[in-house]
Amino acid sequence: MSAAAEKEAKRTALILAAAQSIIGSAAPIAISMGGLAGFYLLGADKSLATAPVTGFNLGTALGMLPAAALMRQVGRRYGFMSGAAVTALGGLVAAFALFNGNFWLFAAGLMLIGAGNAFVQQYRFAATDNAPLSFKPRAISWVMTGGVFAAIIGPTTVIYTRALFEPVMFAGSFLAVAVIGVVGMFIHSLLRLRNHAVAAVEDDGLPARPLSAIISQPRFFVALLCAIVSYALMSFVMTGAPLAMVGCGLSADEATLGIQWHVLAMFGPSFFTGRLIARFGKEAIVATGLLLLLACATVALSGLHLWNFWLALILLGLGWNFGFIGATTMVTDTYRRSEKGKIEGVHDFLLFGTVAAASLLSGKMLTAFGWDALNWVVFPIAGACLLALAMLVMHERRRIATAAE
């Protein structure tokens with residue numbers, strides 16, 4: 001491709017990286033403040049305090065297909081501007097709900113912010129549209145760099161805005177989300193992308209198999225299990241952590257900074273996770289992720305000091321990165337190109353449905369049984385995944401040995 005095309009691709013990637021930094025910061029705001037604000041809005045029964053975070057996760061899951069469909073109709077530029085507008089609307093609804101003490105309206109506001117987040121998930125793909133083949137990996141890396149900045153901007157915004165309208169706590173943070181959405185609309189208006197570029201699907205010459213034949217493969221089952229467990233356990237522990245920290249006498253600012261460290265640990269390693277997978281293998285990276293989740297629970301159970309919470313959240317983020325990315329890469333080994341759309345739909349439905357349920361159960365278990373109980377849950381579930389992964393590796397080694405004889 002020409003030098004002009006590469007220059008335009010770099011410009012697009014930089015704009016999307018900036019959008020990731022700004023619009024992407026709405027997610028850590030919603031996650032860190034959703035449970036605390038929910039707790040503030042509820043009466044005596046606090047078991048549904050994390051329902052707003054569940055709303056955020058549901059909004060992201062339910063918004064993915066409409067976001068993709070909208071961009072096919074109106075193009076990336078106007079699609080992303082629409083997503084930023086949804087984020088701004090969600091921030092306004094959430095702030096209005098806080099001023100009026102309406103818990104379920106607040107959860108609806110976070111669902112709208114989650115729907116806006118569904119558009120954010122498309123940035124890394126949009127960065128590769130019409131980009132030279134040699135630049136595509138760098139384009140994705142640039143966008144992911146924006147995610148690291150979002151992990152800093154979001155929690156910092158919370159610290160400076162959560163008490164702006166005291167005694168109505170947290171309303172300032174969600175009005176800030178509305179401002180973030182408006183700024184995001186301006187950033188996206190700078191894009192010069194035309195209609196959504198639909199890449200040609202490479203044909204591997206193999207017919208699509210029935211769904212039952214794909215999901216019955218041991219490798220698919222174990223990989224999907226590890227991906228879902230890595231994400232769900234991360235959501236389960238992370239959602240309850242800010243509530244637990246404040247409940248242990250730590251400040252909301254300290255809880256917010258804990259989420260900041262967590263999000264940085266989630267996305268920071270992504271720059272080299274792919275190289276680690278290539279060097280050590282997918283199964284080894286998934287196992288490392290699961291072990292990090294166990295280490296997170298161990299640290300969390302060892303005390304209630306600030307360092308326990310922060311270190312546990314860092315380990316939780318690292319565990320999610322290795323476990324989820326490694327397992328998702330394993331899933332790609334199990335289907336043909338002609339089966340890609342069908343499998344990704346099943347994968348995302350099961351994944352985000354489980355994650356939403358985990359975030360809701362987090363609040364209920366925290367209220368009923370305490371912070372320790374949340375972390376004890378990690379051991380049998382992550383341990384079962386490690387066992388299934390080990391059995392898969394042994395099964396595949398025996399099959400290779402038998403075929404070689």
# chains A, B, ... in the order shown; residues from 1 in each chain; ligands from 1
$ residues_around --residues "segment 187-189 of chain A" --least-positions-apart "3" --cutoff "8 Å" --atoms "only C-alpha atoms" --output "ChimeraX atom specification"
/A:15-16,18-19,77-78,80-81,183-184
$ write_last_selection --atoms "N, CA and C atoms" --output "PDB file, in the first residue's frame"
ATOM      1  N   ILE A  15      -6.204   8.286  16.691  1.00  0.00           N
ATOM      2  CA  ILE A  15      -7.512   8.801  17.112  1.00  0.00           C
ATOM      3  C   ILE A  15      -8.238   7.763  17.958  1.00  0.00           C
ATOM      4  N   LEU A  16      -8.204   6.502  17.529  1.00  0.00           N
ATOM      5  CA  LEU A  16      -8.885   5.450  18.273  1.00  0.00           C
ATOM      6  C   LEU A  16      -8.191   5.177  19.606  1.00  0.00           C
ATOM      7  N   ALA A  18      -6.732   7.511  21.361  1.00  0.00           N
ATOM      8  CA  ALA A  18      -7.214   8.613  22.198  1.00  0.00           C
ATOM      9  C   ALA A  18      -8.633   8.345  22.680  1.00  0.00           C
ATOM     10  N   ALA A  19      -9.472   7.817  21.790  1.00  0.00           N
ATOM     11  CA  ALA A  19     -10.846   7.480  22.178  1.00  0.00           C
ATOM     12  C   ALA A  19     -10.861   6.391  23.242  1.00  0.00           C
ATOM     13  N   ARG A  77     -17.347   5.909  11.777  1.00  0.00           N
ATOM     14  CA  ARG A  77     -17.313   7.249  12.380  1.00  0.00           C
ATOM     15  C   ARG A  77     -18.610   7.558  13.117  1.00  0.00           C
ATOM     16  N   TYR A  78     -19.744   7.461  12.412  1.00  0.00           N
ATOM     17  CA  TYR A  78     -21.019   7.798  13.038  1.00  0.00           C
ATOM     18  C   TYR A  78     -21.439   6.724  14.043  1.00  0.00           C
ATOM     19  N   PHE A  80     -19.346   5.060  16.057  1.00  0.00           N
ATOM     20  CA  PHE A  80     -18.615   5.345  17.293  1.00  0.00           C
ATOM     21  C   PHE A  80     -19.128   6.617  17.966  1.00  0.00           C
ATOM     22  N   MET A  81     -19.515   7.606  17.181  1.00  0.00           N
ATOM     23  CA  MET A  81     -20.105   8.806  17.774  1.00  0.00           C
ATOM     24  C   MET A  81     -21.406   8.467  18.496  1.00  0.00           C
ATOM     25  N   VAL A 183     -16.883  14.418  25.018  1.00  0.00           N
ATOM     26  CA  VAL A 183     -15.516  14.555  24.500  1.00  0.00           C
ATOM     27  C   VAL A 183     -15.227  13.440  23.499  1.00  0.00           C
ATOM     28  N   GLY A 184     -15.709  12.228  23.806  1.00  0.00           N
ATOM     29  CA  GLY A 184     -15.518  11.106  22.900  1.00  0.00           C
ATOM     30  C   GLY A 184     -16.186  11.331  21.554  1.00  0.00           C
TER      31      GLY A 184
END
$ residues_around --residues "Ala163 of chain A" --least-positions-apart "3" --cutoff "12 Å" --atoms "only C-alpha atoms" --output "MDAnalysis selection string"
chainID A and resid 33 37 157:160 166:176 252:253
$ residues_around --residues "Phe125 of chain A" --least-positions-apart "4" --cutoff "9 Å" --atoms "only C-alpha atoms" --output "ChimeraX atom specification"
/A:121,129,140
$ closest_atom_pairs --of "segment 143-250 of chain A" --to "segment 314-337 of chain A" --cutoff "12 Å" --atoms "only C-alpha atoms" --output "Markdown table"
| residue | atom | partner | partner_atom | distance |
| --- | --- | --- | --- | --- |
| A:Ala151 | CA | A:Gly317 | CA | 11.9 |
| A:Ala200 | CA | A:Arg337 | CA | 11.2 |
| A:Val201 | CA | A:Arg337 | CA | 7.5 |
| A:Glu202 | CA | A:Arg337 | CA | 7.0 |
| A:Asp203 | CA | A:Arg337 | CA | 6.6 |
| A:Asp204 | CA | A:Arg337 | CA | 6.5 |
| A:Gly205 | CA | A:Arg337 | CA | 9.0 |
| A:Leu206 | CA | A:Arg336 | CA | 7.1 |
| A:Pro207 | CA | A:Arg336 | CA | 8.1 |
| A:Ala208 | CA | A:Arg336 | CA | 7.0 |
| A:Arg209 | CA | A:Arg336 | CA | 8.5 |
| A:Pro210 | CA | A:Tyr335 | CA | 10.8 |
| A:Leu211 | CA | A:Tyr335 | CA | 9.9 |
| A:Ser212 | CA | A:Tyr335 | CA | 11.9 |
| A:Ala213 | CA | A:Tyr335 | CA | 10.0 |
| A:Ile214 | CA | A:Tyr335 | CA | 6.8 |
| A:Ile215 | CA | A:Thr334 | CA | 8.7 |
| A:Ser216 | CA | A:Thr334 | CA | 10.3 |
| A:Gln217 | CA | A:Thr334 | CA | 7.6 |
| A:Pro218 | CA | A:Thr334 | CA | 9.4 |
| A:Arg219 | CA | A:Thr334 | CA | 6.9 |
| A:Phe220 | CA | A:Val331 | CA | 5.7 |
| A:Phe221 | CA | A:Val331 | CA | 8.6 |
| A:Val222 | CA | A:Ala327 | CA | 8.4 |
| A:Ala223 | CA | A:Ala327 | CA | 5.0 |
| A:Leu224 | CA | A:Val331 | CA | 6.6 |
| A:Leu225 | CA | A:Ala327 | CA | 8.4 |
| A:Cys226 | CA | A:Ala327 | CA | 5.9 |
| A:Ala227 | CA | A:Phe324 | CA | 4.7 |
| A:Ile228 | CA | A:Phe324 | CA | 7.6 |
| A:Val229 | CA | A:Phe324 | CA | 8.4 |
| A:Ser230 | CA | A:Trp320 | CA | 5.4 |
| A:Tyr231 | CA | A:Trp320 | CA | 6.1 |
| A:Ala232 | CA | A:Trp320 | CA | 9.2 |
| A:Leu233 | CA | A:Trp320 | CA | 8.4 |
| A:Met234 | CA | A:Leu316 | CA | 6.2 |
| A:Ser235 | CA | A:Trp320 | CA | 9.4 |
| A:Phe236 | CA | A:Leu316 | CA | 10.5 |
| A:Val237 | CA | A:Leu316 | CA | 8.1 |
| A:Met238 | CA | A:Leu316 | CA | 7.9 |
| A:Thr239 | CA | A:Leu316 | CA | 11.6 |
| A:Ala241 | CA | A:Leu316 | CA | 10.9 |
$ residues_around --residues "Phe149 of chain A" --least-positions-apart "5" --cutoff "10 Å" --atoms "only C-alpha atoms" --output "JSON, numbers by chain"
{"A": [17, 18, 20, 21, 22, 24, 25, 144, 154, 264, 268]}
$ closest_residue --among "A:Ser47, A:Asn117, A:Ser251, A:Asn375" --to "Leu62 of chain A" --atoms "only C-alpha atoms"
A:Asn117
$ closest_residue --among "A:Thr128, A:Ser141, A:Thr156, A:Thr54" --to "Gly109 of chain A" --atoms "only C-alpha atoms"
A:Thr54
$ closest_residue --among "A:Pro28, A:Gly75, A:Phe309, A:Val346" --to "Arg192 of chain A" --atoms "only C-alpha atoms"
A:Gly75
$ closest_residue --among "A:Gly258, A:Gly274, A:Gly383, A:Gly38" --to "Pro155 of chain A" --atoms "only C-alpha atoms"
A:Gly258
$ closest_atom_pairs --of "segment 262-373 of chain A" --to "segment 384-402 of chain A" --cutoff "9 Å" --atoms "only C-alpha atoms" --output "CSV"
residue,atom,partner,partner_atom,distance
A:Glu283,CA,A:Leu389,CA,7.2
A:Val286,CA,A:Leu389,CA,8.5
A:Ala287,CA,A:Leu386,CA,6.3
A:Leu290,CA,A:Leu386,CA,6.9
A:Leu291,CA,A:Leu386,CA,8.3
$ atom_distance --atom1 "atom CA of Tyr40 of chain A" --atom2 "atom CA of Phe103 of chain A"
9.1 Å
$ closest_residue --among "A:Ala95, A:Ile277, A:Ala88, A:Leu65" --to "Leu164 of chain A" --atoms "only C-alpha atoms"
A:Ala95
$ closest_residue --among "A:Thr12, A:Ser82, A:Gln73, A:Thr50" --to "Ala127 of chain A" --atoms "only C-alpha atoms"
A:Thr12
$ atom_distance --atom1 "atom CA of Ile381 of chain A" --atom2 "atom CA of Gly247 of chain A"
25.8 Å
$ select_by_dssp --residues "segment 98-221 of chain A" --states "helix (DSSP H, G or I)" --output "PyMOL selection string"
chain A and resi 98-100+103-120+123-126+133-161+171-189+211-215+218-221
$ atom_distance --atom1 "atom CA of Ile29 of chain A" --atom2 "atom CA of Ala150 of chain A"
9.8 Å
$ residues_around --residues "Leu110 of chain A" --least-positions-apart "6" --cutoff "8 Å" --atoms "only C-alpha atoms" --output "ChimeraX atom specification"
/A:30,34,52-53,55-56,59,90-91,94
$ write_last_selection --atoms "N, CA and C atoms" --output "PDB file, in the first residue's frame"
ATOM      1  N   ALA A  30     -17.519   3.049  36.214  1.00  0.00           N
ATOM      2  CA  ALA A  30     -18.736   2.285  36.493  1.00  0.00           C
ATOM      3  C   ALA A  30     -18.461   1.099  37.407  1.00  0.00           C
ATOM      4  N   GLY A  34     -19.962   1.570  40.865  1.00  0.00           N
ATOM      5  CA  GLY A  34     -21.290   0.978  40.719  1.00  0.00           C
ATOM      6  C   GLY A  34     -21.776   0.291  41.981  1.00  0.00           C
ATOM      7  N   PRO A  52     -26.041  -2.908  39.879  1.00  0.00           N
ATOM      8  CA  PRO A  52     -25.669  -1.942  38.828  1.00  0.00           C
ATOM      9  C   PRO A  52     -24.456  -2.381  38.005  1.00  0.00           C
ATOM     10  N   VAL A  53     -23.471  -3.026  38.638  1.00  0.00           N
ATOM     11  CA  VAL A  53     -22.316  -3.533  37.888  1.00  0.00           C
ATOM     12  C   VAL A  53     -22.772  -4.662  36.958  1.00  0.00           C
ATOM     13  N   GLY A  55     -25.680  -4.704  35.625  1.00  0.00           N
ATOM     14  CA  GLY A  55     -26.292  -3.969  34.520  1.00  0.00           C
ATOM     15  C   GLY A  55     -25.262  -3.505  33.508  1.00  0.00           C
ATOM     16  N   PHE A  56     -24.110  -3.033  33.991  1.00  0.00           N
ATOM     17  CA  PHE A  56     -23.031  -2.621  33.088  1.00  0.00           C
ATOM     18  C   PHE A  56     -22.584  -3.795  32.215  1.00  0.00           C
ATOM     19  N   GLY A  59     -25.243  -4.658  29.711  1.00  0.00           N
ATOM     20  CA  GLY A  59     -25.281  -3.661  28.647  1.00  0.00           C
ATOM     21  C   GLY A  59     -24.206  -3.896  27.607  1.00  0.00           C
ATOM     22  N   GLY A  90     -25.949   7.462  29.448  1.00  0.00           N
ATOM     23  CA  GLY A  90     -25.885   6.595  30.619  1.00  0.00           C
ATOM     24  C   GLY A  90     -25.369   7.331  31.840  1.00  0.00           C
ATOM     25  N   GLY A  91     -24.349   8.174  31.652  1.00  0.00           N
ATOM     26  CA  GLY A  91     -23.831   8.966  32.765  1.00  0.00           C
ATOM     27  C   GLY A  91     -24.873   9.922  33.323  1.00  0.00           C
ATOM     28  N   ALA A  94     -27.543   7.879  35.243  1.00  0.00           N
ATOM     29  CA  ALA A  94     -27.014   7.414  36.526  1.00  0.00           C
ATOM     30  C   ALA A  94     -26.932   8.557  37.535  1.00  0.00           C
TER      31      ALA A  94
END
